[in-house]
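Visitor: If you scroll down you'll find the structure; I have some questions about it.
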Amino acid sequence: MPVRNIDIARIFNEIADLLEIDGENPFRIRAYRNAAMTIENLSQDAAELVKQGEDLTKLPGIGHDLAQKIEDIVNGKEINLLKNLEKKFPVDLVDLTRIPGLGAKKIKKLYDALDIKNIDDLALAAQQQKIQKLPEFSIKTEKHILEEINKIKKKYNRTSLPIAEKYALPIIEYLKKNPNIKNIEIAGSYRRKQETVGDIDILVTCENSSKVMKAFVNYDEVQEILSKGETKSSVILKSGIQVDLRVVHQKSYGAALLYFTGSKSHNIVIRKLAKQKKWKVNEYGLFEGEKFLVGESEEEIYKKLGLSYIEPELRENRGEIEAAMKGKLPKLIELSDIKGDLHVHTKLTDGRNSLEEMAEAAQKMGYEYIASTEHSKHLTVAKGLDAQKLADHIKKINKLNENLKNFTILKGIEVDILEDGSLDLPDEILKELDIVVCAIHYKFNLPREKQTERVLRAMDNPYFNIFAHPTSRLINEREPCDMDMEQIMKKAKENNCILEINSQPSRLDLNDIHCKMAKDMGIKFAISTDSHSIDNYNNIRYGIGQARRGWIEANDVINTKNITELKKLLKKIINKKV
DNA sequence: GCCGTTTTCGGCCCGACTGTTTTCAGTCG
């Protein structure tokens, strides 16, 4: 089992937590956290870099010591530091730090006084009212701890974008009724279009903050007020989602938006950059000593710092600041660039609308084409098509196309990649199609090598056009298939296979990091909705968000082409292969 | 533990809110 980047990041974060308990130098702790972030955001496997003998100290925040530790982790060696720390503090930190309000210092006090090692110990101690008796703890804290434990037991997940949207937009509408408010914007990971959001961050500019704060905490859906101040308040909605509100003056709007949008690591680099110039950035503006320089817009701040404007989706400290310095940021794809949808189901298999209805709805969206891509026979639950049924379907599409003006239904299929890497339908029928979308729908848990081999073999089929939802993950539900994405991308590049960015909010597969990795390799993408009804077409905006997070430009995406260009492109791909 | 256009030593992003508080540490984003 190869070591994944997130495994390395987890170990570094664990060391950081334990060092914190140990009362270590905070900057040493930060070094471990920074390194964890670097590794997590890496577009290549660190294990692969080690194998290739690359110099890891070239990575930001990785020096000789941490490079050695990464190498040891990759080679399965024990990390003595971690082992010793775990021996010294045998506490389940990942577990305990999930309780808001409990940090390293308090966890250590609980461990020293009551031998609390995990949430179960904590719950028991709280129930036995032992915690309130500790110095620096109180009845109130104990009650709070018990409440938080109950919440965690109810299972807590990050919220998908559409659900966050469902709760965020009504709050915005509600707050907007307040005449004191000038500007209002949802910031945070929501604005960065991260695939899930932890909480909803709202930024407001206004004259009278106390009135806005009062309105906010009195919102109907508020179940609990976590904190309430003059400029910052936090509440939990009845739905369980946390909403933070931050209020600033108009002249600080840009600075606050920058700060509140994050990401945290992007902000840190921005602040360091300011510091190098003897300035200071905070949520109120860019300052030289006490003197306010700029702050009303994000653009002004970036400009003053010598950077071109960085789109929110890029603000992850994955090279965007360096690119902005050199004026080499990508011109990110936009919703309006999309000219058609290349992954569409109908009620012939598991969709809800007819092909005619799907075509009509697509035309209303201003599209030039869709690809009809039903499931293939292996997916029996979805009534997948066999060769004969697909042949009939092709005839139907030909007939429909005769009557369509300025719109084309491409003949396609979403064919299963079988366990051995063969495709679920014979080449004889696949070659009759305009487009072949291939996907894994079963045996998600094959060992890494077998899963990789399965895909590589499938990609050798000359009719393989698009690899749909490549890892087949379902956010918060199913782990991504374990496969060597780098090897798969190399093959995709070689064989002109296109990678899908599936726009279903529960999939968003490829993820942002893989998008960037593939883009850097020169691979093309299809941003598709995998629509099973006409309503699903609107999900395209989530796919666009993910693509933008992956630095993708219109030119990288085949369904930004008009139908003539697209057909030419698909034909070229086929000719090259056969 | 990392890092270097003042530095190989001495820095390391910045501020709000809470409560164990009345001046500050701890936690969070």
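Letters A, B, ... go to the chains of the structure tokens in the order shown; residues in each chain start at 1; ligands are counted from 1 in the same order.
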Skipping near chain neighbours, those fewer than 6 positions away, what residues fall within 8 Å of stretch 2-8 of chain B using only C-alpha atoms (C1' of nucleotides), listed as a list in words?
Guide: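 My reading of the contact set: Ala31, Gly61, Ile62 and Gly63 of chain A.
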Visitor: Would you write out those residues with C-alpha atoms, as a compact mmCIF listing (two decimals), in the first residue's frame?
Guide:
# COMPACT_ATOMS: atom_id res chain seq x y z
CA ALA A 31 6.61 24.26 10.73
CA GLY A 61 8.43 24.69 4.23
CA ILE A 62 10.34 21.43 3.85
CA GLY A 63 13.91 21.49 5.12
Visitor: Sort by chain and increasing residue number a table of all residues of chain A within 6 Å of chain B, each with its closest pair of atoms and their distance in Å to one decimal, counting only C-alpha atoms (C1' of nucleotides), and write it as JSON lines.
Guide:
{"residue": "A:Arg28", "atom": "CA", "partner": "B:DG1", "partner_atom": "C1'", "distance": 4.9}
{"residue": "A:Ala31", "atom": "CA", "partner": "B:DG1", "partner_atom": "C1'", "distance": 5.4}
{"residue": "A:Gly61", "atom": "CA", "partner": "B:DC2", "partner_atom": "C1'", "distance": 5.8}
{"residue": "A:Gly101", "atom": "CA", "partner": "B:DT27", "partner_atom": "C1'", "distance": 6.0}
{"residue": "A:Glu136", "atom": "CA", "partner": "B:DT20", "partner_atom": "C1'", "distance": 3.6}
{"residue": "A:Phe137", "atom": "CA", "partner": "B:DT20", "partner_atom": "C1'", "distance": 5.6}
{"residue": "A:Ile268", "atom": "CA", "partner": "B:DC13", "partner_atom": "C1'", "distance": 5.3}
{"residue": "A:Arg271", "atom": "CA", "partner": "B:DC13", "partner_atom": "C1'", "distance": 5.6}
Visitor: Okay, now the selection with N, CA and C atoms, as an mmCIF file, in the first residue's frame?
Guide:
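Final output, saved to out_11.cif:
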data_model
loop_
_atom_site.group_PDB
_atom_site.id
_atom_site.type_symbol
_atom_site.label_atom_id
_atom_site.label_comp_id
_atom_site.auth_asym_id
_atom_site.auth_seq_id
_atom_site.Cartn_x
_atom_site.Cartn_y
_atom_site.Cartn_z
ATOM 1 N N ARG A 28 8.007 25.824 15.877
ATOM 2 C CA ARG A 28 8.342 24.465 15.456
ATOM 3 C C ARG A 28 7.048 23.743 15.096
ATOM 4 N N ALA A 31 5.835 24.846 11.825
ATOM 5 C CA ALA A 31 6.613 24.259 10.734
ATOM 6 C C ALA A 31 5.999 22.928 10.302
ATOM 7 N N GLY A 61 8.668 25.123 2.847
ATOM 8 C CA GLY A 61 8.434 24.693 4.225
ATOM 9 C C GLY A 61 9.013 23.340 4.555
ATOM 10 N N GLY A 101 -13.574 24.508 21.246
ATOM 11 C CA GLY A 101 -13.227 25.051 22.555
ATOM 12 C C GLY A 101 -12.134 24.247 23.242
ATOM 13 N N GLU A 136 -9.813 26.257 36.497
ATOM 14 C CA GLU A 136 -9.880 26.798 35.142
ATOM 15 C C GLU A 136 -10.966 26.140 34.296
ATOM 16 N N PHE A 137 -11.730 25.261 34.879
ATOM 17 C CA PHE A 137 -12.917 24.768 34.185
ATOM 18 C C PHE A 137 -14.117 25.161 35.053
ATOM 19 N N ILE A 268 -2.071 33.997 4.742
ATOM 20 C CA ILE A 268 -0.780 34.053 5.424
ATOM 21 C C ILE A 268 0.304 34.539 4.467
ATOM 22 N N ARG A 271 -0.040 38.210 3.815
ATOM 23 C CA ARG A 271 0.437 39.027 4.932
ATOM 24 C C ARG A 271 1.952 39.055 5.019
#
Visitor: Pick out each residue of stretch 114-356 of chain A that DSSP on the backbone tags as strand (DSSP E); I need them as a JSON list (two decimals) with N, CA and C atoms, in the first residue's frame.
Guide:
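Done, and the output landed in selection-v7.json:
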[["chain", "number", "residue", "atom", "x", "y", "z"],
["A", 159, "THR", "N", -20.84, 20.39, 4.63],
["A", 159, "THR", "CA", -22.05, 20.52, 3.84],
["A", 159, "THR", "C", -21.72, 20.69, 2.36],
["A", 160, "SER", "N", -22.51, 20.06, 1.49],
["A", 160, "SER", "CA", -22.28, 20.23, 0.07],
["A", 160, "SER", "C", -22.69, 21.65, -0.33],
["A", 181, "ILE", "N", -27.42, 48.11, 5.94],
["A", 181, "ILE", "CA", -26.41, 47.34, 5.22],
["A", 181, "ILE", "C", -26.14, 47.92, 3.84],
["A", 182, "LYS", "N", -24.86, 48.09, 3.53],
["A", 182, "LYS", "CA", -24.49, 48.58, 2.20],
["A", 182, "LYS", "C", -24.12, 47.41, 1.28],
["A", 183, "ASN", "N", -23.09, 46.69, 1.66],
["A", 183, "ASN", "CA", -22.67, 45.54, 0.87],
["A", 183, "ASN", "C", -22.85, 44.28, 1.68],
["A", 184, "ILE", "N", -23.17, 43.19, 0.97],
["A", 184, "ILE", "CA", -23.24, 41.91, 1.66],
["A", 184, "ILE", "C", -22.75, 40.83, 0.71],
["A", 185, "GLU", "N", -21.94, 39.94, 1.23],
["A", 185, "GLU", "CA", -21.34, 38.92, 0.36],
["A", 185, "GLU", "C", -21.08, 37.66, 1.19],
["A", 186, "ILE", "N", -21.30, 36.49, 0.56],
["A", 186, "ILE", "CA", -20.90, 35.25, 1.22],
["A", 186, "ILE", "C", -19.44, 35.01, 0.88],
["A", 196, "THR", "N", -16.97, 21.18, -0.53],
["A", 196, "THR", "CA", -17.88, 21.21, 0.62],
["A", 196, "THR", "C", -17.52, 22.42, 1.47],
["A", 197, "VAL", "N", -18.47, 22.90, 2.24],
["A", 197, "VAL", "CA", -18.16, 24.03, 3.10],
["A", 197, "VAL", "C", -18.40, 23.64, 4.56],
["A", 200, "ILE", "N", -20.85, 28.84, 6.93],
["A", 200, "ILE", "CA", -21.15, 29.91, 5.98],
["A", 200, "ILE", "C", -20.65, 31.22, 6.57],
["A", 201, "ASP", "N", -19.81, 31.90, 5.82],
["A", 201, "ASP", "CA", -19.23, 33.16, 6.30],
["A", 201, "ASP", "C", -19.85, 34.32, 5.53],
["A", 202, "ILE", "N", -20.48, 35.22, 6.26],
["A", 202, "ILE", "CA", -21.11, 36.36, 5.60],
["A", 202, "ILE", "C", -20.41, 37.65, 6.02],
["A", 203, "LEU", "N", -20.12, 38.47, 5.02],
["A", 203, "LEU", "CA", -19.47, 39.74, 5.28],
["A", 203, "LEU", "C", -20.43, 40.88, 4.93],
["A", 204, "VAL", "N", -20.47, 41.87, 5.81],
["A", 204, "VAL", "CA", -21.40, 42.98, 5.62],
["A", 204, "VAL", "C", -20.66, 44.28, 5.87],
["A", 205, "THR", "N", -20.95, 45.29, 5.07],
["A", 205, "THR", "CA", -20.50, 46.64, 5.43],
["A", 205, "THR", "C", -21.72, 47.45, 5.81],
["A", 206, "CYS", "N", -21.60, 48.23, 6.86],
["A", 206, "CYS", "CA", -22.75, 49.02, 7.29],
["A", 206, "CYS", "C", -22.31, 50.13, 8.23],
["A", 222, "VAL", "N", -32.18, 30.58, 13.68],
["A", 222, "VAL", "CA", -31.07, 30.44, 14.61],
["A", 222, "VAL", "C", -31.47, 29.56, 15.79],
["A", 223, "GLN", "N", -30.66, 28.55, 16.04],
["A", 223, "GLN", "CA", -30.94, 27.68, 17.18],
["A", 223, "GLN", "C", -30.09, 28.05, 18.38],
["A", 224, "GLU", "N", -28.84, 28.46, 18.09],
["A", 224, "GLU", "CA", -27.92, 28.71, 19.19],
["A", 224, "GLU", "C", -26.98, 29.85, 18.81],
["A", 225, "ILE", "N", -26.73, 30.73, 19.73],
["A", 225, "ILE", "CA", -25.77, 31.81, 19.48],
["A", 225, "ILE", "C", -24.44, 31.41, 20.11],
["A", 226, "LEU", "N", -23.43, 31.23, 19.26],
["A", 226, "LEU", "CA", -22.13, 30.80, 19.78],
["A", 226, "LEU", "C", -21.35, 31.97, 20.34],
["A", 227, "SER", "N", -21.42, 33.10, 19.63],
["A", 227, "SER", "CA", -20.75, 34.30, 20.13],
["A", 227, "SER", "C", -21.40, 35.51, 19.50],
["A", 228, "LYS", "N", -21.34, 36.62, 20.22],
["A", 228, "LYS", "CA", -21.92, 37.85, 19.68],
["A", 228, "LYS", "C", -21.07, 39.02, 20.13],
["A", 232, "LYS", "N", -18.33, 40.80, 15.09],
["A", 232, "LYS", "CA", -18.28, 39.39, 14.71],
["A", 232, "LYS", "C", -19.24, 38.59, 15.56],
["A", 233, "SER", "N", -20.09, 37.78, 14.91],
["A", 233, "SER", "CA", -20.98, 36.89, 15.64],
["A", 233, "SER", "C", -21.06, 35.55, 14.93],
["A", 234, "SER", "N", -21.35, 34.53, 15.70],
["A", 234, "SER", "CA", -21.50, 33.18, 15.14],
["A", 234, "SER", "C", -22.76, 32.54, 15.69],
["A", 235, "VAL", "N", -23.50, 31.87, 14.81],
["A", 235, "VAL", "CA", -24.69, 31.16, 15.27],
["A", 235, "VAL", "C", -24.74, 29.78, 14.64],
["A", 236, "ILE", "N", -25.53, 28.91, 15.23],
["A", 236, "ILE", "CA", -25.83, 27.61, 14.63],
["A", 236, "ILE", "C", -27.29, 27.65, 14.21],
["A", 237, "LEU", "N", -27.56, 27.28, 12.96],
["A", 237, "LEU", "CA", -28.95, 27.23, 12.49],
["A", 237, "LEU", "C", -29.59, 25.93, 12.94],
["A", 242, "GLN", "N", -23.29, 26.13, 10.81],
["A", 242, "GLN", "CA", -22.79, 27.33, 11.50],
["A", 242, "GLN", "C", -22.69, 28.49, 10.53],
["A", 243, "VAL", "N", -23.14, 29.65, 10.96],
["A", 243, "VAL", "CA", -23.02, 30.85, 10.15],
["A", 243, "VAL", "C", -22.28, 31.92, 10.94],
["A", 244, "ASP", "N", -21.24, 32.48, 10.31],
["A", 244, "ASP", "CA", -20.48, 33.57, 10.95],
["A", 244, "ASP", "C", -20.78, 34.86, 10.22],
["A", 245, "LEU", "N", -20.99, 35.91, 10.96],
["A", 245, "LEU", "CA", -21.20, 37.22, 10.35],
["A", 245, "LEU", "C", -20.11, 38.17, 10.81],
["A", 246, "ARG", "N", -19.56, 38.89, 9.85],
["A", 246, "ARG", "CA", -18.51, 39.85, 10.17],
["A", 246, "ARG", "C", -18.92, 41.19, 9.59],
["A", 247, "VAL", "N", -18.82, 42.24, 10.38],
["A", 247, "VAL", "CA", -19.22, 43.57, 9.93],
["A", 247, "VAL", "C", -18.03, 44.50, 9.93],
["A", 248, "VAL", "N", -17.83, 45.21, 8.82],
["A", 248, "VAL", "CA", -16.76, 46.22, 8.77],
["A", 248, "VAL", "C", -17.26, 47.48, 8.09],
["A", 280, "LYS", "N", 1.50, 46.17, 6.58],
["A", 280, "LYS", "CA", 0.74, 45.18, 7.34],
["A", 280, "LYS", "C", -0.64, 45.03, 6.71],
["A", 281, "VAL", "N", -1.07, 43.79, 6.49],
["A", 281, "VAL", "CA", -2.43, 43.55, 6.01],
["A", 281, "VAL", "C", -3.24, 42.92, 7.14],
["A", 282, "ASN", "N", -4.39, 43.49, 7.42],
["A", 282, "ASN", "CA", -5.35, 42.81, 8.28],
["A", 282, "ASN", "C", -6.73, 42.99, 7.66],
["A", 285, "GLY", "N", -7.51, 46.65, 6.24],
["A", 285, "GLY", "CA", -6.84, 47.30, 5.13],
["A", 285, "GLY", "C", -5.37, 46.96, 5.06],
["A", 286, "LEU", "N", -4.70, 47.66, 4.14],
["A", 286, "LEU", "CA", -3.25, 47.56, 4.01],
["A", 286, "LEU", "C", -2.67, 48.82, 4.64],
["A", 287, "PHE", "N", -1.77, 48.65, 5.59],
["A", 287, "PHE", "CA", -1.27, 49.78, 6.38],
["A", 287, "PHE", "C", 0.24, 49.92, 6.29],
["A", 288, "GLU", "N", 0.67, 51.18, 6.33],
["A", 288, "GLU", "CA", 2.10, 51.47, 6.53],
["A", 288, "GLU", "C", 2.18, 52.12, 7.89],
["A", 291, "LYS", "N", -0.71, 54.28, 9.04],
["A", 291, "LYS", "CA", -1.32, 54.94, 7.88],
["A", 291, "LYS", "C", -2.05, 53.94, 6.98],
["A", 292, "PHE", "N", -3.32, 54.22, 6.74],
["A", 292, "PHE", "CA", -4.14, 53.38, 5.86],
["A", 292, "PHE", "C", -3.75, 53.63, 4.41],
["A", 293, "LEU", "N", -3.37, 52.58, 3.70],
["A", 293, "LEU", "CA", -3.00, 52.75, 2.30],
["A", 293, "LEU", "C", -4.18, 52.47, 1.38],
["A", 294, "VAL", "N", -4.66, 51.22, 1.37],
["A", 294, "VAL", "CA", -5.84, 50.84, 0.57],
["A", 294, "VAL", "C", -6.64, 49.82, 1.37],
["A", 340, "GLY", "N", -22.24, 22.96, -24.63],
["A", 340, "GLY", "CA", -23.04, 21.75, -24.67],
["A", 340, "GLY", "C", -22.68, 20.82, -23.53],
["A", 341, "ASP", "N", -23.47, 19.77, -23.37],
["A", 341, "ASP", "CA", -23.27, 18.83, -22.28],
["A", 341, "ASP", "C", -23.01, 17.45, -22.86],
["A", 342, "LEU", "N", -21.93, 16.83, -22.43],
["A", 342, "LEU", "CA", -21.50, 15.57, -23.05],
["A", 342, "LEU", "C", -21.78, 14.33, -22.20],
["A", 343, "HIS", "N", -22.66, 14.46, -21.22],
["A", 343, "HIS", "CA", -22.99, 13.29, -20.39],
["A", 343, "HIS", "C", -24.43, 13.46, -19.90],
["A", 344, "VAL", "N", -25.36, 12.82, -20.61],
["A", 344, "VAL", "CA", -26.79, 13.04, -20.36],
["A", 344, "VAL", "C", -27.54, 11.71, -20.40]]
Visitor: At a cut-off of 7 Å, using only C-alpha atoms (C1' of nucleotides), what residues contact stretch 295-309 of chain A? Leave out same-chain residues fewer than 6 positions from it and give the result as a list in words.
Guide: Gln250, Lys251, Ser252, Tyr253, Gly254, Ala255, Leu258, Ala274, Tyr284, Gly285, Leu286, Ala324, Met325 and Gly327 of chain A
Visitor: Go ahead and compute the interatomic distance for atom CA of A:Lys395 and atom CA of A:Phe525, in Å to one decimal.
Guide: 28.3 Å
Visitor: Residues within 10 Å of A:Pro179, please, as a PyMOL selection string. Count only C-alpha atoms (C1' of nucleotides); anything in the same chain fewer than 6 positions from it doesn't count.
Guide: chain A and resi 206-208+211-212
Visitor: Among the residues of stretch 178-411 of chain A, find those DSSP assigns to helix (DSSP H, G or I) from the backbone and print them as a PyMOL selection string.
Guide: chain A and resi 188-191+209-217+250-261+264-276+298-304+312-314+320-325+335-337+355-364+380-382+387-402
Visitor: Got time to write the residues from that selection, C-alpha atoms, as a tab-separated table (two decimals), in the first residue's frame?
Guide:
chain	number	residue	atom	x	y	z
A	188	GLY	CA	-15.20	31.72	2.94
A	189	SER	CA	-14.93	28.37	1.21
A	190	TYR	CA	-18.33	29.01	-0.34
A	191	ARG	CA	-16.89	31.88	-2.35
A	209	SER	CA	-23.12	47.24	13.29
A	210	SER	CA	-25.01	46.61	16.51
A	211	LYS	CA	-28.37	46.76	14.74
A	212	VAL	CA	-27.18	44.30	12.10
A	213	MET	CA	-25.77	41.97	14.75
A	214	LYS	CA	-29.05	42.07	16.61
A	215	ALA	CA	-30.99	41.24	13.46
A	216	PHE	CA	-28.59	38.41	12.69
A	217	VAL	CA	-28.84	36.60	16.02
A	250	GLN	CA	-17.05	50.42	3.76
A	251	LYS	CA	-13.41	51.49	3.43
A	252	SER	CA	-12.33	48.08	4.72
A	253	TYR	CA	-14.65	46.05	2.51
A	254	GLY	CA	-11.97	44.68	0.18
A	255	ALA	CA	-9.57	43.88	2.98
A	256	ALA	CA	-12.28	42.12	4.95
A	257	LEU	CA	-13.46	40.23	1.88
A	258	LEU	CA	-9.91	39.10	1.22
A	259	TYR	CA	-9.45	38.04	4.81
A	260	PHE	CA	-12.84	36.34	5.12
A	261	THR	CA	-12.61	34.55	1.79
A	264	LYS	CA	-6.08	30.71	5.50
A	265	SER	CA	-2.83	29.73	3.81
A	266	HIS	CA	-3.41	32.24	1.01
A	267	ASN	CA	-3.94	34.97	3.59
A	268	ILE	CA	-0.78	34.05	5.42
A	269	VAL	CA	1.31	34.42	2.29
A	270	ILE	CA	-0.38	37.74	1.46
A	271	ARG	CA	0.44	39.03	4.93
A	272	LYS	CA	4.02	37.88	4.71
A	273	LEU	CA	4.31	39.62	1.38
A	274	ALA	CA	3.06	42.86	2.92
A	275	LYS	CA	5.44	42.46	5.79
A	276	GLN	CA	8.38	42.16	3.41
A	298	GLU	CA	-9.54	43.41	-3.19
A	299	GLU	CA	-8.19	44.61	-6.53
A	300	GLU	CA	-6.50	47.63	-4.90
A	301	ILE	CA	-4.83	45.49	-2.28
A	302	TYR	CA	-3.52	42.92	-4.75
A	303	LYS	CA	-2.33	45.71	-7.02
A	304	LYS	CA	-0.52	47.56	-4.26
A	312	PRO	CA	-11.31	33.40	-5.19
A	313	GLU	CA	-11.21	29.83	-6.55
A	314	LEU	CA	-7.42	30.07	-6.89
A	320	GLU	CA	-1.33	31.48	-7.47
A	321	ILE	CA	0.67	34.18	-5.69
A	322	GLU	CA	3.85	33.43	-7.62
A	323	ALA	CA	1.80	33.38	-10.84
A	324	ALA	CA	0.12	36.68	-9.92
A	325	MET	CA	3.53	38.27	-9.35
A	335	LEU	CA	-20.12	29.36	-17.29
A	336	SER	CA	-20.78	31.24	-20.52
A	337	ASP	CA	-17.96	29.34	-22.27
A	355	LEU	CA	-34.48	12.53	-24.92
A	356	GLU	CA	-36.73	15.07	-26.63
A	357	GLU	CA	-37.26	16.87	-23.32
A	358	MET	CA	-33.55	16.80	-22.51
A	359	ALA	CA	-32.74	18.24	-25.94
A	360	GLU	CA	-35.35	20.96	-25.62
A	361	ALA	CA	-34.14	22.00	-22.17
A	362	ALA	CA	-30.54	22.12	-23.40
A	363	GLN	CA	-31.56	24.39	-26.26
A	364	LYS	CA	-33.27	26.69	-23.78
A	380	THR	CA	-28.65	-3.73	-14.89
A	381	VAL	CA	-30.17	-1.64	-12.09
A	382	ALA	CA	-30.21	1.26	-14.50
A	387	ALA	CA	-25.73	-3.60	-28.45
A	388	GLN	CA	-29.12	-4.08	-30.07
A	389	LYS	CA	-30.88	-1.53	-27.91
A	390	LEU	CA	-28.06	0.92	-28.50
A	391	ALA	CA	-28.39	0.37	-32.26
A	392	ASP	CA	-32.10	1.19	-31.99
A	393	HIS	CA	-31.27	4.26	-29.95
A	394	ILE	CA	-28.77	5.43	-32.58
A	395	LYS	CA	-31.51	5.21	-35.20
A	396	LYS	CA	-33.81	7.26	-33.01
A	397	ILE	CA	-31.17	9.96	-32.53
A	398	ASN	CA	-30.51	10.12	-36.29
A	399	LYS	CA	-34.18	10.69	-36.85
A	400	LEU	CA	-34.46	13.34	-34.14
A	401	ASN	CA	-31.45	15.19	-35.53
A	402	GLU	CA	-33.12	15.46	-38.94
